[in-house]
Each structure stands twice: as C-alpha cells, then as structure tokens.
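Peer 1: Dropping in query.cif, which is mmCIF, N, CA, C and O atoms, pLDDT in the B column; chains and numbers go by the auth columns:
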data_protein
#
loop_
_atom_site.group_PDB
_atom_site.id
_atom_site.type_symbol
_atom_site.label_atom_id
_atom_site.label_comp_id
_atom_site.label_asym_id
_atom_site.label_seq_id
_atom_site.Cartn_x
_atom_site.Cartn_y
_atom_site.Cartn_z
_atom_site.B_iso_or_equiv
_atom_site.auth_seq_id
_atom_site.auth_asym_id
ATOM 1 N N MET A 1 -18.055 36.637 36.015 53.00 1 A
ATOM 2 C CA MET A 1 -17.938 37.696 35.026 53.00 1 A
ATOM 3 C C MET A 1 -19.149 38.622 35.145 53.00 1 A
ATOM 4 O O MET A 1 -20.284 38.177 35.166 53.00 1 A
ATOM 5 N N ARG A 2 -18.896 39.896 35.205 56.00 2 A
ATOM 6 C CA ARG A 2 -19.961 40.871 35.354 56.00 2 A
ATOM 7 C C ARG A 2 -20.454 41.352 33.989 56.00 2 A
ATOM 8 O O ARG A 2 -19.664 41.627 33.089 56.00 2 A
ATOM 9 N N LYS A 3 -21.764 41.466 33.848 63.00 3 A
ATOM 10 C CA LYS A 3 -22.375 41.948 32.601 63.00 3 A
ATOM 11 C C LYS A 3 -22.285 43.475 32.558 63.00 3 A
ATOM 12 O O LYS A 3 -22.305 44.145 33.586 63.00 3 A
ATOM 13 N N THR A 4 -22.231 44.032 31.355 71.00 4 A
ATOM 14 C CA THR A 4 -22.085 45.483 31.207 71.00 4 A
ATOM 15 C C THR A 4 -23.415 46.215 31.081 71.00 4 A
ATOM 16 O O THR A 4 -23.467 47.423 31.249 71.00 4 A
ATOM 17 N N GLY A 5 -24.485 45.504 30.734 79.00 5 A
ATOM 18 C CA GLY A 5 -25.787 46.139 30.573 79.00 5 A
ATOM 19 C C GLY A 5 -25.980 46.797 29.224 79.00 5 A
ATOM 20 O O GLY A 5 -26.957 47.525 29.019 79.00 5 A
ATOM 21 N N THR A 6 -25.077 46.556 28.290 86.00 6 A
ATOM 22 C CA THR A 6 -25.161 47.186 26.978 86.00 6 A
ATOM 23 C C THR A 6 -26.442 46.808 26.244 86.00 6 A
ATOM 24 O O THR A 6 -27.092 47.671 25.639 86.00 6 A
ATOM 25 N N THR A 7 -26.829 45.541 26.291 88.00 7 A
ATOM 26 C CA THR A 7 -28.042 45.106 25.599 88.00 7 A
ATOM 27 C C THR A 7 -29.273 45.801 26.167 88.00 7 A
ATOM 28 O O THR A 7 -30.128 46.275 25.417 88.00 7 A
ATOM 29 N N THR A 8 -29.347 45.918 27.482 90.00 8 A
ATOM 30 C CA THR A 8 -30.477 46.601 28.118 90.00 8 A
ATOM 31 C C THR A 8 -30.538 48.058 27.680 90.00 8 A
ATOM 32 O O THR A 8 -31.613 48.584 27.367 90.00 8 A
ATOM 33 N N ARG A 9 -29.396 48.720 27.614 92.00 9 A
ATOM 34 C CA ARG A 9 -29.373 50.122 27.171 92.00 9 A
ATOM 35 C C ARG A 9 -29.792 50.244 25.711 92.00 9 A
ATOM 36 O O ARG A 9 -30.507 51.184 25.339 92.00 9 A
ATOM 37 N N LEU A 10 -29.368 49.298 24.868 92.00 10 A
ATOM 38 C CA LEU A 10 -29.793 49.317 23.467 92.00 10 A
ATOM 39 C C LEU A 10 -31.301 49.106 23.345 92.00 10 A
ATOM 40 O O LEU A 10 -31.965 49.785 22.553 92.00 10 A
ATOM 41 N N ILE A 11 -31.845 48.169 24.109 93.00 11 A
ATOM 42 C CA ILE A 11 -33.294 47.928 24.092 93.00 11 A
ATOM 43 C C ILE A 11 -34.031 49.193 24.510 93.00 11 A
ATOM 44 O O ILE A 11 -34.980 49.619 23.848 93.00 11 A
ATOM 45 N N ASP A 12 -33.592 49.814 25.599 95.00 12 A
ATOM 46 C CA ASP A 12 -34.218 51.059 26.067 95.00 12 A
ATOM 47 C C ASP A 12 -34.142 52.148 24.995 95.00 12 A
ATOM 48 O O ASP A 12 -35.123 52.854 24.741 95.00 12 A
ATOM 49 N N PHE A 13 -32.979 52.269 24.359 95.00 13 A
ATOM 50 C CA PHE A 13 -32.791 53.280 23.319 95.00 13 A
ATOM 51 C C PHE A 13 -33.758 53.069 22.157 95.00 13 A
ATOM 52 O O PHE A 13 -34.434 54.003 21.710 95.00 13 A
ATOM 53 N N TYR A 14 -33.829 51.828 21.652 94.00 14 A
ATOM 54 C CA TYR A 14 -34.683 51.562 20.495 94.00 14 A
ATOM 55 C C TYR A 14 -36.169 51.704 20.820 94.00 14 A
ATOM 56 O O TYR A 14 -36.940 52.193 19.994 94.00 14 A
ATOM 57 N N ILE A 15 -36.582 51.317 22.009 94.00 15 A
ATOM 58 C CA ILE A 15 -37.993 51.492 22.389 94.00 15 A
ATOM 59 C C ILE A 15 -38.317 52.978 22.476 94.00 15 A
ATOM 60 O O ILE A 15 -39.372 53.421 22.009 94.00 15 A
ATOM 61 N N GLN A 16 -37.410 53.764 23.027 95.00 16 A
ATOM 62 C CA GLN A 16 -37.631 55.209 23.075 95.00 16 A
ATOM 63 C C GLN A 16 -37.704 55.791 21.660 95.00 16 A
ATOM 64 O O GLN A 16 -38.565 56.626 21.370 95.00 16 A
ATOM 65 N N GLU A 17 -36.829 55.339 20.774 95.00 17 A
ATOM 66 C CA GLU A 17 -36.867 55.783 19.376 95.00 17 A
ATOM 67 C C GLU A 17 -38.193 55.426 18.705 95.00 17 A
ATOM 68 O O GLU A 17 -38.751 56.221 17.951 95.00 17 A
ATOM 69 N N LEU A 18 -38.688 54.226 18.978 93.00 18 A
ATOM 70 C CA LEU A 18 -39.965 53.802 18.392 93.00 18 A
ATOM 71 C C LEU A 18 -41.102 54.723 18.817 93.00 18 A
ATOM 72 O O LEU A 18 -41.933 55.118 18.002 93.00 18 A
ATOM 73 N N PHE A 19 -41.140 55.073 20.109 93.00 19 A
ATOM 74 C CA PHE A 19 -42.218 55.937 20.578 93.00 19 A
ATOM 75 C C PHE A 19 -42.045 57.380 20.126 93.00 19 A
ATOM 76 O O PHE A 19 -43.024 58.072 19.871 93.00 19 A
ATOM 77 N N GLN A 20 -40.822 57.847 19.984 95.00 20 A
ATOM 78 C CA GLN A 20 -40.585 59.207 19.501 95.00 20 A
ATOM 79 C C GLN A 20 -40.877 59.329 18.009 95.00 20 A
ATOM 80 O O GLN A 20 -41.180 60.423 17.530 95.00 20 A
ATOM 81 N N ASN A 21 -40.767 58.230 17.285 93.00 21 A
ATOM 82 C CA ASN A 21 -41.015 58.221 15.838 93.00 21 A
ATOM 83 C C ASN A 21 -42.215 57.341 15.519 93.00 21 A
ATOM 84 O O ASN A 21 -42.179 56.551 14.574 93.00 21 A
ATOM 85 N N PHE A 22 -43.268 57.477 16.311 90.00 22 A
ATOM 86 C CA PHE A 22 -44.460 56.645 16.218 90.00 22 A
ATOM 87 C C PHE A 22 -44.950 56.569 14.775 90.00 22 A
ATOM 88 O O PHE A 22 -45.143 57.579 14.118 90.00 22 A
ATOM 89 N N GLY A 23 -45.112 55.342 14.279 90.00 23 A
ATOM 90 C CA GLY A 23 -45.613 55.131 12.926 90.00 23 A
ATOM 91 C C GLY A 23 -44.526 55.076 11.862 90.00 23 A
ATOM 92 O O GLY A 23 -44.801 54.724 10.721 90.00 23 A
ATOM 93 N N ASN A 24 -43.307 55.455 12.226 94.00 24 A
ATOM 94 C CA ASN A 24 -42.190 55.422 11.279 94.00 24 A
ATOM 95 C C ASN A 24 -41.293 54.223 11.586 94.00 24 A
ATOM 96 O O ASN A 24 -41.073 53.898 12.749 94.00 24 A
ATOM 97 N N PRO A 25 -40.751 53.593 10.568 94.00 25 A
ATOM 98 C CA PRO A 25 -39.892 52.422 10.796 94.00 25 A
ATOM 99 C C PRO A 25 -38.553 52.804 11.429 94.00 25 A
ATOM 100 O O PRO A 25 -38.000 53.862 11.143 94.00 25 A
ATOM 101 N N ILE A 26 -38.073 51.935 12.298 92.00 26 A
ATOM 102 C CA ILE A 26 -36.779 52.088 12.953 92.00 26 A
ATOM 103 C C ILE A 26 -35.957 50.843 12.651 92.00 26 A
ATOM 104 O O ILE A 26 -36.403 49.729 12.930 92.00 26 A
ATOM 105 N N GLU A 27 -34.777 51.026 12.097 92.00 27 A
ATOM 106 C CA GLU A 27 -33.905 49.885 11.814 92.00 27 A
ATOM 107 C C GLU A 27 -33.139 49.510 13.077 92.00 27 A
ATOM 108 O O GLU A 27 -32.565 50.362 13.754 92.00 27 A
ATOM 109 N N ILE A 28 -33.144 48.218 13.397 91.00 28 A
ATOM 110 C CA ILE A 28 -32.478 47.704 14.592 91.00 28 A
ATOM 111 C C ILE A 28 -31.111 47.162 14.192 91.00 28 A
ATOM 112 O O ILE A 28 -31.014 46.232 13.397 91.00 28 A
ATOM 113 N N ILE A 29 -30.055 47.759 14.745 88.00 29 A
ATOM 114 C CA ILE A 29 -28.688 47.329 14.464 88.00 29 A
ATOM 115 C C ILE A 29 -27.957 47.152 15.790 88.00 29 A
ATOM 116 O O ILE A 29 -27.895 48.081 16.596 88.00 29 A
ATOM 117 N N ASP A 30 -27.417 45.975 16.001 87.00 30 A
ATOM 118 C CA ASP A 30 -26.616 45.702 17.193 87.00 30 A
ATOM 119 C C ASP A 30 -25.165 45.655 16.747 87.00 30 A
ATOM 120 O O ASP A 30 -24.723 44.702 16.119 87.00 30 A
ATOM 121 N N THR A 31 -24.414 46.692 17.063 79.00 31 A
ATOM 122 C CA THR A 31 -23.018 46.770 16.630 79.00 31 A
ATOM 123 C C THR A 31 -22.121 45.808 17.402 79.00 31 A
ATOM 124 O O THR A 31 -20.993 45.559 16.994 79.00 31 A
ATOM 125 N N LEU A 32 -22.632 45.272 18.512 77.00 32 A
ATOM 126 C CA LEU A 32 -21.818 44.376 19.338 77.00 32 A
ATOM 127 C C LEU A 32 -22.171 42.903 19.179 77.00 32 A
ATOM 128 O O LEU A 32 -21.501 42.049 19.739 77.00 32 A
ATOM 129 N N GLY A 33 -23.234 42.595 18.451 80.00 33 A
ATOM 130 C CA GLY A 33 -23.642 41.195 18.369 80.00 33 A
ATOM 131 C C GLY A 33 -24.650 40.942 17.277 80.00 33 A
ATOM 132 O O GLY A 33 -24.576 41.506 16.196 80.00 33 A
ATOM 133 N N ASP A 34 -25.641 40.124 17.601 83.00 34 A
ATOM 134 C CA ASP A 34 -26.641 39.663 16.645 83.00 34 A
ATOM 135 C C ASP A 34 -27.859 40.580 16.665 83.00 34 A
ATOM 136 O O ASP A 34 -28.573 40.648 17.667 83.00 34 A
ATOM 137 N N SER A 35 -28.106 41.282 15.564 86.00 35 A
ATOM 138 C CA SER A 35 -29.247 42.202 15.490 86.00 35 A
ATOM 139 C C SER A 35 -30.581 41.470 15.631 86.00 35 A
ATOM 140 O O SER A 35 -31.531 42.018 16.184 86.00 35 A
ATOM 141 N N LYS A 36 -30.656 40.226 15.139 88.00 36 A
ATOM 142 C CA LYS A 36 -31.912 39.472 15.261 88.00 36 A
ATOM 143 C C LYS A 36 -32.204 39.132 16.716 88.00 36 A
ATOM 144 O O LYS A 36 -33.356 39.151 17.140 88.00 36 A
ATOM 145 N N GLU A 37 -31.193 38.838 17.486 90.00 37 A
ATOM 146 C CA GLU A 37 -31.377 38.559 18.919 90.00 37 A
ATOM 147 C C GLU A 37 -31.832 39.821 19.642 90.00 37 A
ATOM 148 O O GLU A 37 -32.730 39.784 20.484 90.00 37 A
ATOM 149 N N LEU A 38 -31.243 40.953 19.316 91.00 38 A
ATOM 150 C CA LEU A 38 -31.659 42.225 19.906 91.00 38 A
ATOM 151 C C LEU A 38 -33.105 42.533 19.516 91.00 38 A
ATOM 152 O O LEU A 38 -33.899 42.945 20.354 91.00 38 A
ATOM 153 N N LEU A 39 -33.458 42.317 18.258 92.00 39 A
ATOM 154 C CA LEU A 39 -34.821 42.524 17.787 92.00 39 A
ATOM 155 C C LEU A 39 -35.798 41.661 18.581 92.00 39 A
ATOM 156 O O LEU A 39 -36.848 42.142 19.021 92.00 39 A
ATOM 157 N N HIS A 40 -35.449 40.411 18.798 91.00 40 A
ATOM 158 C CA HIS A 40 -36.285 39.496 19.579 91.00 40 A
ATOM 159 C C HIS A 40 -36.483 40.019 21.005 91.00 40 A
ATOM 160 O O HIS A 40 -37.602 40.010 21.531 91.00 40 A
ATOM 161 N N LYS A 41 -35.427 40.499 21.624 92.00 41 A
ATOM 162 C CA LYS A 41 -35.527 41.017 22.993 92.00 41 A
ATOM 163 C C LYS A 41 -36.369 42.284 23.054 92.00 41 A
ATOM 164 O O LYS A 41 -37.129 42.490 24.000 92.00 41 A
ATOM 165 N N ILE A 42 -36.263 43.129 22.033 92.00 42 A
ATOM 166 C CA ILE A 42 -37.101 44.332 21.974 92.00 42 A
ATOM 167 C C ILE A 42 -38.567 43.938 21.851 92.00 42 A
ATOM 168 O O ILE A 42 -39.430 44.495 22.534 92.00 42 A
ATOM 169 N N LEU A 43 -38.858 42.972 20.987 92.00 43 A
ATOM 170 C CA LEU A 43 -40.246 42.510 20.817 92.00 43 A
ATOM 171 C C LEU A 43 -40.796 41.936 22.118 92.00 43 A
ATOM 172 O O LEU A 43 -41.962 42.187 22.466 92.00 43 A
ATOM 173 N N LEU A 44 -39.994 41.176 22.843 90.00 44 A
ATOM 174 C CA LEU A 44 -40.438 40.639 24.133 90.00 44 A
ATOM 175 C C LEU A 44 -40.760 41.756 25.112 90.00 44 A
ATOM 176 O O LEU A 44 -41.773 41.724 25.804 90.00 44 A
ATOM 177 N N ARG A 45 -39.895 42.762 25.177 92.00 45 A
ATOM 178 C CA ARG A 45 -40.128 43.888 26.088 92.00 45 A
ATOM 179 C C ARG A 45 -41.395 44.632 25.706 92.00 45 A
ATOM 180 O O ARG A 45 -42.204 44.983 26.557 92.00 45 A
ATOM 181 N N LEU A 46 -41.586 44.887 24.404 91.00 46 A
ATOM 182 C CA LEU A 46 -42.795 45.578 23.958 91.00 46 A
ATOM 183 C C LEU A 46 -44.044 44.768 24.302 91.00 46 A
ATOM 184 O O LEU A 46 -45.060 45.328 24.715 91.00 46 A
ATOM 185 N N LYS A 47 -43.963 43.452 24.137 88.00 47 A
ATOM 186 C CA LYS A 47 -45.103 42.581 24.429 88.00 47 A
ATOM 187 C C LYS A 47 -45.467 42.617 25.914 88.00 47 A
ATOM 188 O O LYS A 47 -46.641 42.680 26.271 88.00 47 A
ATOM 189 N N HIS A 48 -44.465 42.616 26.777 89.00 48 A
ATOM 190 C CA HIS A 48 -44.714 42.519 28.213 89.00 48 A
ATOM 191 C C HIS A 48 -44.975 43.860 28.896 89.00 48 A
ATOM 192 O O HIS A 48 -45.629 43.904 29.931 89.00 48 A
ATOM 193 N N GLU A 49 -44.493 44.951 28.327 91.00 49 A
ATOM 194 C CA GLU A 49 -44.589 46.237 29.026 91.00 49 A
ATOM 195 C C GLU A 49 -45.431 47.293 28.318 91.00 49 A
ATOM 196 O O GLU A 49 -45.771 48.302 28.929 91.00 49 A
ATOM 197 N N HIS A 50 -45.760 47.084 27.039 86.00 50 A
ATOM 198 C CA HIS A 50 -46.471 48.120 26.282 86.00 50 A
ATOM 199 C C HIS A 50 -47.577 47.479 25.454 86.00 50 A
ATOM 200 O O HIS A 50 -47.426 46.382 24.958 86.00 50 A
ATOM 201 N N SER A 51 -48.668 48.201 25.276 82.00 51 A
ATOM 202 C CA SER A 51 -49.776 47.705 24.453 82.00 51 A
ATOM 203 C C SER A 51 -49.745 48.411 23.098 82.00 51 A
ATOM 204 O O SER A 51 -50.439 49.396 22.878 82.00 51 A
ATOM 205 N N VAL A 52 -48.894 47.916 22.223 83.00 52 A
ATOM 206 C CA VAL A 52 -48.779 48.502 20.891 83.00 52 A
ATOM 207 C C VAL A 52 -48.774 47.390 19.851 83.00 52 A
ATOM 208 O O VAL A 52 -48.433 46.250 20.143 83.00 52 A
ATOM 209 N N ASN A 53 -49.190 47.736 18.646 84.00 53 A
ATOM 210 C CA ASN A 53 -49.079 46.820 17.517 84.00 53 A
ATOM 211 C C ASN A 53 -47.711 47.034 16.886 84.00 53 A
ATOM 212 O O ASN A 53 -47.294 48.170 16.654 84.00 53 A
ATOM 213 N N VAL A 54 -47.009 45.953 16.604 89.00 54 A
ATOM 214 C CA VAL A 54 -45.663 46.039 16.058 89.00 54 A
ATOM 215 C C VAL A 54 -45.611 45.336 14.708 89.00 54 A
ATOM 216 O O VAL A 54 -46.061 44.199 14.575 89.00 54 A
ATOM 217 N N LYS A 55 -45.076 46.037 13.715 90.00 55 A
ATOM 218 C CA LYS A 55 -44.851 45.447 12.392 90.00 55 A
ATOM 219 C C LYS A 55 -43.348 45.215 12.262 90.00 55 A
ATOM 220 O O LYS A 55 -42.552 46.124 12.491 90.00 55 A
ATOM 221 N N VAL A 56 -42.973 43.992 11.872 90.00 56 A
ATOM 222 C CA VAL A 56 -41.568 43.628 11.720 90.00 56 A
ATOM 223 C C VAL A 56 -41.303 43.316 10.252 90.00 56 A
ATOM 224 O O VAL A 56 -41.984 42.505 9.646 90.00 56 A
ATOM 225 N N THR A 57 -40.320 44.007 9.679 89.00 57 A
ATOM 226 C CA THR A 57 -39.877 43.749 8.318 89.00 57 A
ATOM 227 C C THR A 57 -38.354 43.709 8.342 89.00 57 A
ATOM 228 O O THR A 57 -37.726 44.716 8.626 89.00 57 A
ATOM 229 N N ASN A 58 -37.791 42.522 8.076 86.00 58 A
ATOM 230 C CA ASN A 58 -36.336 42.333 8.176 86.00 58 A
ATOM 231 C C ASN A 58 -35.883 42.785 9.563 86.00 58 A
ATOM 232 O O ASN A 58 -36.351 42.278 10.546 86.00 58 A
ATOM 233 N N ASN A 59 -34.969 43.734 9.645 85.00 59 A
ATOM 234 C CA ASN A 59 -34.514 44.251 10.941 85.00 59 A
ATOM 235 C C ASN A 59 -35.120 45.615 11.245 85.00 59 A
ATOM 236 O O ASN A 59 -34.499 46.443 11.892 85.00 59 A
ATOM 237 N N THR A 60 -36.353 45.822 10.763 89.00 60 A
ATOM 238 C CA THR A 60 -37.030 47.105 10.951 89.00 60 A
ATOM 239 C C THR A 60 -38.311 46.912 11.734 89.00 60 A
ATOM 240 O O THR A 60 -39.075 45.982 11.471 89.00 60 A
ATOM 241 N N LEU A 61 -38.541 47.793 12.708 89.00 61 A
ATOM 242 C CA LEU A 61 -39.766 47.771 13.518 89.00 61 A
ATOM 243 C C LEU A 61 -40.566 49.038 13.274 89.00 61 A
ATOM 244 O O LEU A 61 -39.996 50.118 13.135 89.00 61 A
ATOM 245 N N THR A 62 -41.892 48.896 13.263 90.00 62 A
ATOM 246 C CA THR A 62 -42.802 50.038 13.212 90.00 62 A
ATOM 247 C C THR A 62 -43.898 49.759 14.219 90.00 62 A
ATOM 248 O O THR A 62 -44.426 48.646 14.270 90.00 62 A
ATOM 249 N N ILE A 63 -44.228 50.740 15.066 85.00 63 A
ATOM 250 C CA ILE A 63 -45.333 50.552 16.011 85.00 63 A
ATOM 251 C C ILE A 63 -46.494 51.446 15.624 85.00 63 A
ATOM 252 O O ILE A 63 -46.330 52.476 14.991 85.00 63 A
ATOM 253 N N SER A 64 -47.682 50.997 16.012 82.00 64 A
ATOM 254 C CA SER A 64 -48.905 51.777 15.774 82.00 64 A
ATOM 255 C C SER A 64 -49.880 51.528 16.885 82.00 64 A
ATOM 256 O O SER A 64 -49.711 50.647 17.687 82.00 64 A
#
Would you write out, as structure tokens, the structure that this file holds?
Peer 2:
Amino acid sequence: MRKTGTTTRLIDFYIQELFQNFGNPIEIIDTLGDSKELLHKILLRLKHEHSVNVKVTNNTLTIS
C-alpha cells in the first residue's frame, strides 16, 4: 500500500504557519486523523530541524 504523504504536507503547512505568525498561537487540527498525533510529529520536526521555543496548550502551538 502506497502512502499519500498527507501527514507530511500537513506538518509542512503548520510549521510554515507557525513561522509566518511568529509569537501567535496556531491551532493544530488533523481532519483525517488524530490531531494529537499530528501535534507530536510537528513537535518532533521542530525539535530536530529548528531552534525555537515551543509552547503547547491543548492543540495549540506558539513559537518564540
């Protein structure tokens, strides 16, 4: 079974939104699955690829 890459595109989208709205909260919503799992994957990507401080509140991320 071939993967569609939807999760990767969502992660890319939300990280771009975080940097475009620096300091403002972004709500993470996964319309195809588990928003908490998507949030976890975004946090992993931010940890490994970017040097930013991340505040997590429910399904909302804010970077500084």
Peer 1: What is the atom C of Ile63 in chain A-atom C of Leu18 in chain A distance in Å, reported with one decimal?
Peer 2: 7.1 Å
Peer 1: Among chain A, which ones does DSSP place in alpha helix (DSSP H), written as number ranges by chain?
Peer 2: A: 6-20, 35-49
Peer 1: Please, what distance in Å, to one decimal, runs between atom C of Asn58 in chain A and atom C of Leu46 in chain A?
Peer 2: 17.0 Å
Peer 1: Quick one: residues within 12 Å of Phe13 in chain A, only C-alpha atoms counted, chain neighbours fewer than 6 positions away excluded, as a PyMOL selection string?
Peer 2: chain A and resi 6-7+19-20+26+28-30+38+42
Peer 1: For the selection just defined, write its residues with N, CA, C and O atoms to a file, as an mmCIF file, in the frame of the given file.
Peer 2:
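So the final result, stored in again.cif, reads:
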data_model
loop_
_atom_site.group_PDB
_atom_site.id
_atom_site.type_symbol
_atom_site.label_atom_id
_atom_site.label_comp_id
_atom_site.auth_asym_id
_atom_site.auth_seq_id
_atom_site.Cartn_x
_atom_site.Cartn_y
_atom_site.Cartn_z
ATOM 1 N N THR A 6 -25.077 46.556 28.290
ATOM 2 C CA THR A 6 -25.161 47.186 26.978
ATOM 3 C C THR A 6 -26.442 46.808 26.244
ATOM 4 O O THR A 6 -27.092 47.671 25.639
ATOM 5 N N THR A 7 -26.829 45.541 26.291
ATOM 6 C CA THR A 7 -28.042 45.106 25.599
ATOM 7 C C THR A 7 -29.273 45.801 26.167
ATOM 8 O O THR A 7 -30.128 46.275 25.417
ATOM 9 N N PHE A 19 -41.140 55.073 20.109
ATOM 10 C CA PHE A 19 -42.218 55.937 20.578
ATOM 11 C C PHE A 19 -42.045 57.380 20.126
ATOM 12 O O PHE A 19 -43.024 58.072 19.871
ATOM 13 N N GLN A 20 -40.822 57.847 19.984
ATOM 14 C CA GLN A 20 -40.585 59.207 19.501
ATOM 15 C C GLN A 20 -40.877 59.329 18.009
ATOM 16 O O GLN A 20 -41.180 60.423 17.530
ATOM 17 N N ILE A 26 -38.073 51.935 12.298
ATOM 18 C CA ILE A 26 -36.779 52.088 12.953
ATOM 19 C C ILE A 26 -35.957 50.843 12.651
ATOM 20 O O ILE A 26 -36.403 49.729 12.930
ATOM 21 N N ILE A 28 -33.144 48.218 13.397
ATOM 22 C CA ILE A 28 -32.478 47.704 14.592
ATOM 23 C C ILE A 28 -31.111 47.162 14.192
ATOM 24 O O ILE A 28 -31.014 46.232 13.397
ATOM 25 N N ILE A 29 -30.055 47.759 14.745
ATOM 26 C CA ILE A 29 -28.688 47.329 14.464
ATOM 27 C C ILE A 29 -27.957 47.152 15.790
ATOM 28 O O ILE A 29 -27.895 48.081 16.596
ATOM 29 N N ASP A 30 -27.417 45.975 16.001
ATOM 30 C CA ASP A 30 -26.616 45.702 17.193
ATOM 31 C C ASP A 30 -25.165 45.655 16.747
ATOM 32 O O ASP A 30 -24.723 44.702 16.119
ATOM 33 N N LEU A 38 -31.243 40.953 19.316
ATOM 34 C CA LEU A 38 -31.659 42.225 19.906
ATOM 35 C C LEU A 38 -33.105 42.533 19.516
ATOM 36 O O LEU A 38 -33.899 42.945 20.354
ATOM 37 N N ILE A 42 -36.263 43.129 22.033
ATOM 38 C CA ILE A 42 -37.101 44.332 21.974
ATOM 39 C C ILE A 42 -38.567 43.938 21.851
ATOM 40 O O ILE A 42 -39.430 44.495 22.534
#
Peer 1: Between atom C of Thr60 in chain A and CA of Gly5 in chain A, measure the distance and give it in Å to one decimal.
Peer 2: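 Separation of atom C of Thr60 in chain A and CA of Gly5 in chain A: 22.6 Å.
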Peer 1: Contacts of Val54 in chain A at 8 Å or less, counting only C-alpha atoms, minus same-chain residues fewer than 4 places along, as a list in words?
Peer 2: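 What passes the distance filter is Leu61, Thr62, Ile63 and Ser64 of chain A.
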Peer 1: Using only N, CA, C and O atoms, which of the listed residues (A:Glu17, A:Ile11, A:Lys36, A:Gly23) sits closest to Asn59 in chain A?
Peer 2: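 Using only N, CA, C and O atoms, Asn59 in chain A sits closest to A:Lys36.
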Peer 1: As a ChimeraX atom specification, please: every residue in chain A that a backbone DSSP assignment puts in strand (DSSP E or B).
Peer 2: /A:26-27,54-57,60-63
Peer 1: Put those residues in a file: N, CA, C and O atoms, as an mmCIF file, in the frame of the given file.
Peer 2:
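And here is the file that came out, part-v9.cif:
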data_model
loop_
_atom_site.group_PDB
_atom_site.id
_atom_site.type_symbol
_atom_site.label_atom_id
_atom_site.label_comp_id
_atom_site.auth_asym_id
_atom_site.auth_seq_id
_atom_site.Cartn_x
_atom_site.Cartn_y
_atom_site.Cartn_z
ATOM 1 N N ILE A 26 -38.073 51.935 12.298
ATOM 2 C CA ILE A 26 -36.779 52.088 12.953
ATOM 3 C C ILE A 26 -35.957 50.843 12.651
ATOM 4 O O ILE A 26 -36.403 49.729 12.930
ATOM 5 N N GLU A 27 -34.777 51.026 12.097
ATOM 6 C CA GLU A 27 -33.905 49.885 11.814
ATOM 7 C C GLU A 27 -33.139 49.510 13.077
ATOM 8 O O GLU A 27 -32.565 50.362 13.754
ATOM 9 N N VAL A 54 -47.009 45.953 16.604
ATOM 10 C CA VAL A 54 -45.663 46.039 16.058
ATOM 11 C C VAL A 54 -45.611 45.336 14.708
ATOM 12 O O VAL A 54 -46.061 44.199 14.575
ATOM 13 N N LYS A 55 -45.076 46.037 13.715
ATOM 14 C CA LYS A 55 -44.851 45.447 12.392
ATOM 15 C C LYS A 55 -43.348 45.215 12.262
ATOM 16 O O LYS A 55 -42.552 46.124 12.491
ATOM 17 N N VAL A 56 -42.973 43.992 11.872
ATOM 18 C CA VAL A 56 -41.568 43.628 11.720
ATOM 19 C C VAL A 56 -41.303 43.316 10.252
ATOM 20 O O VAL A 56 -41.984 42.505 9.646
ATOM 21 N N THR A 57 -40.320 44.007 9.679
ATOM 22 C CA THR A 57 -39.877 43.749 8.318
ATOM 23 C C THR A 57 -38.354 43.709 8.342
ATOM 24 O O THR A 57 -37.726 44.716 8.626
ATOM 25 N N THR A 60 -36.353 45.822 10.763
ATOM 26 C CA THR A 60 -37.030 47.105 10.951
ATOM 27 C C THR A 60 -38.311 46.912 11.734
ATOM 28 O O THR A 60 -39.075 45.982 11.471
ATOM 29 N N LEU A 61 -38.541 47.793 12.708
ATOM 30 C CA LEU A 61 -39.766 47.771 13.518
ATOM 31 C C LEU A 61 -40.566 49.038 13.274
ATOM 32 O O LEU A 61 -39.996 50.118 13.135
ATOM 33 N N THR A 62 -41.892 48.896 13.263
ATOM 34 C CA THR A 62 -42.802 50.038 13.212
ATOM 35 C C THR A 62 -43.898 49.759 14.219
ATOM 36 O O THR A 62 -44.426 48.646 14.270
ATOM 37 N N ILE A 63 -44.228 50.740 15.066
ATOM 38 C CA ILE A 63 -45.333 50.552 16.011
ATOM 39 C C ILE A 63 -46.494 51.446 15.624
ATOM 40 O O ILE A 63 -46.330 52.476 14.991
#
Peer 1: Could you check the closest approach to Tyr14 in chain A for each of A:Glu27, A:Thr57, A:Leu32, A:Lys47 and tell me which residue wins, using only N, CA, C and O atoms?
Peer 2: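 Among A:Glu27, A:Thr57, A:Leu32, A:Lys47, it is A:Glu27 that comes nearest to Tyr14 in chain A.
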Peer 1: Output as JSON the centre and edge lengths (Å, one decimal) of the box along x, y and z of the file that holds every listed atom of range 15-19 of chain A after adding 5 Å on each side.
Peer 2:
{"center_x": -39.8, "center_y": 54.7, "center_z": 20.5, "size_x": 16.4, "size_y": 16.8, "size_z": 15.1}
Peer 1: Go through A:Asn24, A:His40, A:Thr8, A:Asp34 and flag the residue nearest Lys55 in chain A, using all atoms listed in the file for the distances.
Peer 2: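 Result for the nearest residue to Lys55 in chain A: A:Asn24.
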Peer 1: Export range 19-25 of chain A of the preceding structure, keeping N, CA and C atoms, as a PDB file, in the first residue's frame.
Peer 2:
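Everything below was put into selection_4.pdb:
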ATOM      1  N   PHE A  19       5.850  29.909  11.576  1.00  0.00           N
ATOM      2  CA  PHE A  19       6.875  30.915  11.313  1.00  0.00           C
ATOM      3  C   PHE A  19       6.296  32.190  10.715  1.00  0.00           C
ATOM      4  N   GLN A  20       5.236  32.090   9.940  1.00  0.00           N
ATOM      5  CA  GLN A  20       4.598  33.280   9.377  1.00  0.00           C
ATOM      6  C   GLN A  20       3.832  34.060  10.441  1.00  0.00           C
ATOM      7  N   ASN A  21       3.394  33.379  11.484  1.00  0.00           N
ATOM      8  CA  ASN A  21       2.638  34.016  12.570  1.00  0.00           C
ATOM      9  C   ASN A  21       3.424  33.936  13.870  1.00  0.00           C
ATOM     10  N   PHE A  22       4.717  34.215  13.790  1.00  0.00           N
ATOM     11  CA  PHE A  22       5.639  34.089  14.911  1.00  0.00           C
ATOM     12  C   PHE A  22       5.075  34.775  16.151  1.00  0.00           C
ATOM     13  N   GLY A  23       5.003  34.024  17.251  1.00  0.00           N
ATOM     14  CA  GLY A  23       4.520  34.570  18.512  1.00  0.00           C
ATOM     15  C   GLY A  23       3.016  34.444  18.710  1.00  0.00           C
ATOM     16  N   ASN A  24       2.298  34.087  17.652  1.00  0.00           N
ATOM     17  CA  ASN A  24       0.845  33.923  17.744  1.00  0.00           C
ATOM     18  C   ASN A  24       0.500  32.434  17.772  1.00  0.00           C
ATOM     19  N   PRO A  25      -0.504  32.057  18.532  1.00  0.00           N
ATOM     20  CA  PRO A  25      -0.876  30.637  18.615  1.00  0.00           C
ATOM     21  C   PRO A  25      -1.510  30.130  17.318  1.00  0.00           C
TER      22      PRO A  25
END
